[in-house]
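Asker: A single structure is presented below for examination.
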Amino acid sequence: MVIEAKKIKAPNAELQVLHEIYLKAALYKTKISSNAFKAANKKMDEVVKYEGQFVDGIDKYRKKYGI
C-alpha cells in the first residue's frame with residue numbers, strides 16, 4: 001500500500017503537504033521482532049500524531065474551499 005501511495009501526486013501544493021503527512025503515518029516495515037515491539041509502539045504514537053495533523057489539514061482545506 002505504501003509503495004502505491006508514494007506514487008500519488010496531489011493536484012496542488014496544499015494537498016501534497018497533507019499527502020506527505022499521510023505517508024509519514026504509514027509503517028514501512030512489516031516484520032517486527034520482539035525486540036522492536038517497544039519501538040513499534042513509539043512509532044504508533046507518531047502515527048496518531050500525523051493522522052491528527054492530516055485530518056485537521058483536510059478539515060481546514062474543506063472549509064477554505066467550501067467542500
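Starting from 1 in every chain, residues are counted up; chains themselves are A, B, ... following the order of the C-alpha cells, and ligands are numbered from 1 as listed.
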Near range 51-55 of chain A, counting only C-alpha atoms, which residues have an atom at most 8 Å away, once you skip same-chain residues fewer than 3 positions from it, shown as a PyMOL selection string?
Answerer: chain A and resi 18-19+21-22+25+47-48+58-59
Asker: From a backbone DSSP assignment, name each residue in chain A labelled alpha helix (DSSP H), as a ChimeraX atom specification.
Answerer: /A:2-6,13-25,37-65
Asker: Calculate how many Å separate CA of Ala26 in chain A from CA of Ile3 in chain A, rounding to one decimal.
Answerer: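 Taking CA of Ala26 in chain A as the start and CA of Ile3 in chain A as the end point, the length is 10.1 Å.
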Asker: Which polymer residues have any atom within 12 Å of an atom of Glu20 in chain A, counting only C-alpha atoms, with same-chain residues fewer than 4 positions away left out, as number ranges by chain?
Answerer: A: 2, 5-10, 13-16, 24-26, 50-51, 53-54, 57
Asker: Those same residues, written as a PDB file, in the first residue's frame with C-alpha atoms?
Answerer:
ATOM      1  CA  VAL A   2       2.764   2.437   0.904  1.00  0.00           C
ATOM      2  CA  ALA A   5       0.562   5.645  -2.118  1.00  0.00           C
ATOM      3  CA  LYS A   6       4.012   7.135  -2.794  1.00  0.00           C
ATOM      4  CA  LYS A   7       3.148   7.268  -6.498  1.00  0.00           C
ATOM      5  CA  ILE A   8       0.199   9.588  -5.872  1.00  0.00           C
ATOM      6  CA  LYS A   9       0.819  13.229  -6.724  1.00  0.00           C
ATOM      7  CA  ALA A  10      -1.629  15.743  -5.317  1.00  0.00           C
ATOM      8  CA  ALA A  13       0.823  22.114  -3.047  1.00  0.00           C
ATOM      9  CA  GLU A  14      -1.647  22.253  -0.139  1.00  0.00           C
ATOM     10  CA  LEU A  15      -2.850  18.707  -0.723  1.00  0.00           C
ATOM     11  CA  GLN A  16       0.714  17.498  -1.400  1.00  0.00           C
ATOM     12  CA  LYS A  24       4.777   9.534   7.296  1.00  0.00           C
ATOM     13  CA  ALA A  25       1.984   7.763   9.153  1.00  0.00           C
ATOM     14  CA  ALA A  26       2.455   4.585   7.128  1.00  0.00           C
ATOM     15  CA  TYR A  50       0.403  12.533  11.895  1.00  0.00           C
ATOM     16  CA  GLU A  51      -3.116  11.227  11.340  1.00  0.00           C
ATOM     17  CA  GLN A  53      -2.444  16.579  11.519  1.00  0.00           C
ATOM     18  CA  PHE A  54      -3.763  15.074   8.295  1.00  0.00           C
ATOM     19  CA  GLY A  57      -5.437  19.780   7.454  1.00  0.00           C
TER      20      GLY A  57
END
